[in-house]
$ cat final33.cif   # mmCIF, C-alpha atoms
data_protein
#
loop_
_atom_site.label_atom_id
_atom_site.label_comp_id
_atom_site.auth_asym_id
_atom_site.auth_seq_id
_atom_site.Cartn_x
_atom_site.Cartn_y
_atom_site.Cartn_z
CA MET A 218 -28.16 58.10 -3.45
CA ILE A 219 -30.46 56.59 -6.06
CA TYR A 220 -33.24 54.31 -4.80
CA THR A 221 -35.25 52.04 -7.06
CA VAL A 222 -38.57 50.55 -5.98
CA THR A 223 -39.88 47.26 -7.35
CA PHE A 224 -43.13 46.14 -5.77
CA ASN A 225 -43.22 42.79 -7.52
CA PRO A 226 -39.71 41.46 -8.29
CA ALA A 227 -39.57 38.36 -10.42
CA LEU A 228 -37.49 35.43 -11.43
CA ASP A 229 -37.96 35.09 -15.21
CA TYR A 230 -37.50 31.53 -16.47
CA VAL A 231 -36.98 31.74 -20.23
CA VAL A 232 -37.23 28.54 -22.24
CA ARG A 233 -36.45 28.25 -25.94
CA MET A 234 -37.81 25.42 -28.02
CA ASP A 235 -38.05 24.54 -31.69
CA SER A 236 -41.80 23.99 -31.48
CA LEU A 237 -44.53 24.00 -28.85
CA ILE A 238 -47.29 21.41 -29.14
CA PRO A 239 -50.14 22.07 -26.68
CA GLY A 240 -51.23 19.01 -24.72
CA GLU A 241 -47.95 17.16 -25.36
CA VAL A 242 -44.68 16.77 -23.45
CA ASN A 243 -42.35 19.37 -24.97
CA ARG A 244 -38.56 19.47 -24.61
CA THR A 245 -36.64 22.71 -24.35
CA ALA A 246 -33.56 23.49 -26.41
CA GLN A 247 -32.23 26.11 -23.96
CA GLU A 248 -33.13 27.63 -20.59
CA GLU A 249 -32.09 30.89 -18.93
CA ILE A 250 -32.97 32.55 -15.64
CA PHE A 251 -33.09 36.31 -15.21
CA PHE A 252 -33.81 38.24 -12.02
CA GLY A 253 -35.63 41.50 -12.19
CA GLY A 254 -38.63 43.70 -12.22
CA LYS A 255 -38.50 47.23 -13.62
CA GLY A 256 -36.81 48.86 -10.62
CA ILE A 257 -34.25 46.06 -10.31
CA ASN A 258 -33.56 46.37 -14.04
CA VAL A 259 -32.86 50.09 -13.52
CA SER A 260 -30.48 49.29 -10.64
CA THR A 261 -28.71 46.76 -12.88
CA VAL A 262 -28.20 49.29 -15.67
CA LEU A 263 -27.04 51.95 -13.19
CA ASN A 264 -24.55 49.43 -11.78
CA GLU A 265 -23.20 48.72 -15.27
CA LEU A 266 -22.74 52.49 -15.72
CA GLY A 267 -20.80 52.72 -12.44
CA GLU A 268 -23.62 54.39 -10.47
CA GLU A 269 -24.60 53.16 -7.02
CA SER A 270 -28.20 52.52 -6.14
CA VAL A 271 -30.24 50.72 -3.51
CA ALA A 272 -32.92 48.29 -4.69
CA LEU A 273 -36.06 48.43 -2.53
CA GLY A 274 -39.32 46.52 -2.67
CA PHE A 275 -40.66 43.21 -1.44
CA ILE A 276 -39.39 39.63 -1.56
CA ALA A 277 -40.91 36.40 -0.27
CA GLY A 278 -39.94 32.74 0.06
CA PHE A 279 -37.00 30.94 -1.53
CA THR A 280 -37.57 32.74 -4.83
CA GLY A 281 -37.26 36.05 -3.01
CA ASP A 282 -34.00 34.87 -1.46
CA ALA A 283 -32.73 33.92 -4.93
CA ILE A 284 -33.65 37.37 -6.28
CA ASN A 285 -31.95 39.15 -3.37
CA ASP A 286 -28.82 36.98 -3.68
CA ALA A 287 -28.59 37.48 -7.46
CA VAL A 288 -29.02 41.26 -7.25
CA SER A 289 -26.53 41.51 -4.36
CA SER A 290 -24.00 39.37 -6.25
CA LEU A 291 -23.91 42.07 -8.95
CA GLY A 292 -22.71 44.55 -6.32
CA ILE A 293 -26.08 46.27 -6.00
CA LYS A 294 -27.15 47.24 -2.50
CA THR A 295 -30.53 45.81 -1.50
CA SER A 296 -32.93 46.63 1.29
CA PHE A 297 -35.98 44.58 0.42
CA VAL A 298 -38.82 44.11 2.88
CA ARG A 299 -39.15 40.37 3.47
CA LEU A 300 -42.74 39.13 3.49
CA GLU A 301 -43.70 36.44 5.99
CA SER A 302 -45.67 34.34 3.52
CA GLY A 303 -45.90 33.59 -0.17
CA PHE A 304 -43.25 33.52 -2.86
CA SER A 305 -41.78 36.12 -5.16
CA ARG A 306 -43.01 35.66 -8.71
CA VAL A 307 -41.69 33.15 -11.19
CA ASN A 308 -42.61 34.21 -14.72
CA ILE A 309 -42.32 31.65 -17.50
CA LYS A 310 -41.32 32.98 -20.91
CA ILE A 311 -41.70 30.47 -23.75
CA ARG A 312 -39.82 31.31 -26.94
CA SER A 313 -40.82 29.08 -29.84
CA GLN A 314 -42.55 29.99 -33.11
CA GLY A 315 -43.90 32.97 -31.16
CA GLU A 316 -43.60 34.33 -27.65
CA THR A 317 -45.82 33.09 -24.84
CA ASP A 318 -45.50 34.60 -21.36
CA LEU A 319 -47.02 33.25 -18.16
CA ASN A 320 -46.65 36.06 -15.59
CA ALA A 321 -47.45 35.21 -11.98
CA ASP A 322 -49.41 37.51 -9.67
CA GLY A 323 -46.88 37.52 -6.82
CA PRO A 324 -47.35 37.44 -3.05
CA ILE A 325 -49.89 39.42 -1.08
CA ILE A 326 -48.29 42.51 0.44
CA PRO A 327 -49.90 43.22 3.82
CA ASP A 328 -50.32 46.75 5.19
CA SER A 329 -47.65 46.05 7.82
CA ALA A 330 -45.04 45.34 5.12
CA LEU A 331 -46.14 48.36 3.10
CA SER A 332 -45.64 50.49 6.23
CA LEU A 333 -42.07 49.20 6.55
CA LEU A 334 -41.30 50.27 2.98
CA LEU A 335 -42.84 53.70 3.55
CA LYS A 336 -40.72 54.06 6.69
CA GLN A 337 -37.59 53.35 4.60
CA LEU A 338 -38.65 55.92 2.02
CA ALA A 339 -39.38 58.57 4.65
CA GLU A 340 -35.64 58.50 5.45
CA LEU A 341 -34.64 59.73 1.97
CA ARG A 342 -32.77 63.02 2.10
CA ASP A 343 -32.42 66.11 -0.05
CA GLY A 344 -30.39 65.29 -3.15
CA ASP A 345 -31.54 61.66 -3.33
CA THR A 346 -33.28 60.22 -6.39
CA ILE A 347 -36.20 57.77 -6.31
CA ILE A 348 -37.27 55.68 -9.27
CA LEU A 349 -40.78 54.24 -8.99
CA SER A 350 -41.41 51.73 -11.74
CA GLY A 351 -43.46 48.74 -12.65
CA SER A 352 -46.91 47.43 -12.04
CA VAL A 353 -48.68 47.74 -8.72
CA PRO A 354 -49.69 44.36 -7.24
CA SER A 355 -53.41 43.74 -6.67
CA SER A 356 -52.89 43.73 -2.88
CA VAL A 357 -51.49 47.30 -2.92
CA PRO A 358 -53.63 50.43 -3.49
CA LYS A 359 -53.31 51.89 -6.99
CA SER A 360 -52.54 55.21 -5.24
CA ILE A 361 -49.25 53.89 -3.80
CA TYR A 362 -46.97 55.86 -6.12
CA LYS A 363 -49.00 59.00 -5.39
CA ASN A 364 -48.76 58.24 -1.65
CA ILE A 365 -44.98 57.85 -1.87
CA LEU A 366 -44.59 61.14 -3.73
CA GLU A 367 -46.81 62.84 -1.12
CA LEU A 368 -44.61 61.38 1.61
CA LEU A 369 -41.54 62.92 -0.01
CA ARG A 370 -43.15 66.30 -0.71
CA GLY A 371 -41.12 69.16 0.73
CA LYS A 372 -37.79 67.37 0.26
CA GLU A 373 -35.49 68.09 -2.67
CA ILE A 374 -35.73 64.61 -4.13
CA TYR A 375 -35.63 63.91 -7.85
CA SER A 376 -38.45 61.49 -8.64
CA VAL A 377 -38.85 59.32 -11.73
CA LEU A 378 -42.15 57.57 -12.42
CA ASP A 379 -42.52 54.68 -14.86
CA ALA A 380 -46.07 53.40 -14.37
CA SER A 381 -49.29 52.92 -16.29
CA GLY A 382 -53.03 53.13 -15.89
CA GLU A 383 -54.54 54.36 -12.65
CA ALA A 384 -51.20 54.28 -10.82
CA LEU A 385 -49.79 56.77 -13.35
CA SER A 386 -52.87 59.00 -13.54
CA LEU A 387 -53.06 59.33 -9.73
CA ALA A 388 -49.33 59.90 -9.18
CA ILE A 389 -48.90 62.45 -11.95
CA CYS A 390 -50.86 64.94 -9.81
CA GLU A 391 -47.92 64.93 -7.38
CA SER A 392 -45.66 66.40 -10.10
CA PRO A 393 -42.87 63.82 -10.34
CA SER A 394 -39.66 65.20 -11.83
CA LEU A 395 -39.87 62.86 -14.83
CA ILE A 396 -42.42 60.40 -16.19
CA LYS A 397 -41.66 57.67 -18.72
CA PRO A 398 -44.89 56.52 -20.33
CA ASN A 399 -44.82 54.66 -23.63
CA LEU A 400 -47.19 55.57 -26.45
CA SER A 401 -50.05 53.29 -25.35
CA GLU A 402 -49.75 54.56 -21.77
CA LEU A 403 -49.88 58.17 -23.01
CA GLU A 404 -52.94 57.35 -25.10
CA GLU A 405 -54.62 55.74 -22.10
CA LEU A 406 -53.75 58.75 -19.93
CA SER A 407 -55.00 61.29 -22.48
CA GLY A 408 -58.01 59.24 -23.54
CA ARG A 409 -57.26 59.63 -27.25
CA LYS A 410 -55.20 58.19 -30.08
CA LEU A 411 -51.94 60.13 -30.51
CA CYS A 412 -50.59 58.67 -33.78
#

$ encode --input "final33.cif" --output "structure tokens"
Amino acid sequence: MIYTVTFNPALDYVVRMDSLIPGEVNRTAQEEIFFGGKGINVSTVLNELGEESVALGFIAGFTGDAINDAVSSLGIKTSFVRLESGFSRVNIKIRSQGETDLNADGPIIPDSALSLLLKQLAELRDGDTIILSGSVPSSVPKSIYKNILELLRGKEIYSVLDASGEALSLAICESPSLIKPNLSELEELSGRKLC
């Protein structure tokens, strides 16, 4: 089975407008809502390709329920840890003469909830695949991807890591099967300009 992990799922509210005038009441021309986060996006693409996966991570509040319902309605299995307080992120994407994004921080993930996710991951078996992707919330240690890979050490699990910054540099020491840094992430990791 393929498992995707999204620590900070989001509801993306995209508004399109002809012009944006700061300090004024602006009217939108079109609105769209997307549900995702990097791991959920991977599960969505896998689903479109006919591959099963289980979306893991954290959800909170009515926005978390909406994310879970939307992902499940696509036929994707979910096993999110439900947080007792807070709300899953709502990111606002304004598309006008340029692009302006307002990305929320997301709920605080307590150690007890993190332990529940790690317990789920400890049950992965030989032959499974885990995809760890996306940013690490401020309430979670930057070593979390490294910790997950350590937890799975000794099992024949294919691991994919799509992270940046400290989360990437710490986890890479655990030899994931595949990493997917972009150019700026590679430059940050190597400490030098590559092109």

$ closest_residue --input "final33.cif" --among "A:Asp343, A:Asp318, A:Glu383, A:Glu265" --to "Val231 of chain A" --atoms "all atoms listed in the file"
A:Asp318

$ atom_distance --input "final33.cif" --atom1 "atom CA of Leu333 of chain A" --atom2 "atom CA of Gly278 of chain A"
17.8 Å

$ residues_around --input "final33.cif" --residues "Phe275 of chain A" --least-positions-apart "5" --cutoff "8 Å" --atoms "all atoms listed in the file" --output "PyMOL selection string"
chain A and resi 223-226+297-300+326

$ resolve_selection --input "final33.cif" --expression "the PyMOL selection byres ((chain A and resi 285) around 9)" --output "PyMOL selection string"
chain A and resi 252+276+280-284+286-290+295-297

$ residues_around --input "final33.cif" --residues "Val232 of chain A" --least-positions-apart "3" --cutoff "9 Å" --atoms "all atoms listed in the file" --output "VMD selection string"
chain A and resid 245 to 250 309 to 313

$ write_last_selection --input "final33.cif" --atoms "C-alpha atoms" --output "compact mmCIF listing (two decimals), keeping the file's coordinate frame"
# COMPACT_ATOMS: atom_id res chain seq x y z
CA THR A 245 -36.64 22.71 -24.35
CA ALA A 246 -33.56 23.49 -26.41
CA GLN A 247 -32.23 26.11 -23.96
CA GLU A 248 -33.13 27.63 -20.59
CA GLU A 249 -32.09 30.89 -18.93
CA ILE A 250 -32.97 32.55 -15.64
CA ILE A 309 -42.32 31.65 -17.50
CA LYS A 310 -41.32 32.98 -20.91
CA ILE A 311 -41.70 30.47 -23.75
CA ARG A 312 -39.82 31.31 -26.94
CA SER A 313 -40.82 29.08 -29.84

$ residues_around --input "final33.cif" --residues "Gly351 of chain A" --least-positions-apart "2" --cutoff "8 Å" --atoms "all atoms listed in the file" --output "PyMOL selection string"
chain A and resi 223-225+254-256+349+353+379-380

$ resolve_selection --input "final33.cif" --expression "the PyMOL selection byres ((chain A and resi 332) around 12)" --output "MDAnalysis selection string"
chainID A and resid 274:275 298 326:331 333:339 357 361 364:365 368

$ closest_residue --input "final33.cif" --among "A:Asn399, A:Gly344, A:Phe279, A:Glu391" --to "Tyr375 of chain A" --atoms "only C-alpha atoms"
A:Gly344

$ closest_residue --input "final33.cif" --among "A:Glu269, A:Asp235, A:Asp345, A:Glu340" --to "Glu316 of chain A" --atoms "all atoms listed in the file"
A:Asp235

$ atom_distance --input "final33.cif" --atom1 "atom CA of Pro393 of chain A" --atom2 "atom CA of Val377 of chain A"
6.2 Å

$ atom_distance --input "final33.cif" --atom1 "atom CA of Ser305 of chain A" --atom2 "atom CA of Pro354 of chain A"
11.6 Å

$ resolve_selection --input "final33.cif" --expression "the PyMOL selection byres ((chain A and resi 388) around 8)" --output "PyMOL selection string"
chain A and resi 360+362-364+366+384-387+389-393

$ closest_residue --input "final33.cif" --among "A:Ile219, A:Ile347, A:Cys412, A:Ala227" --to "Leu319 of chain A" --atoms "all atoms listed in the file"
A:Ala227

$ closest_residue --input "final33.cif" --among "A:Val307, A:Leu411, A:Met218, A:Ile257" --to "Ala321 of chain A" --atoms "only C-alpha atoms"
A:Val307
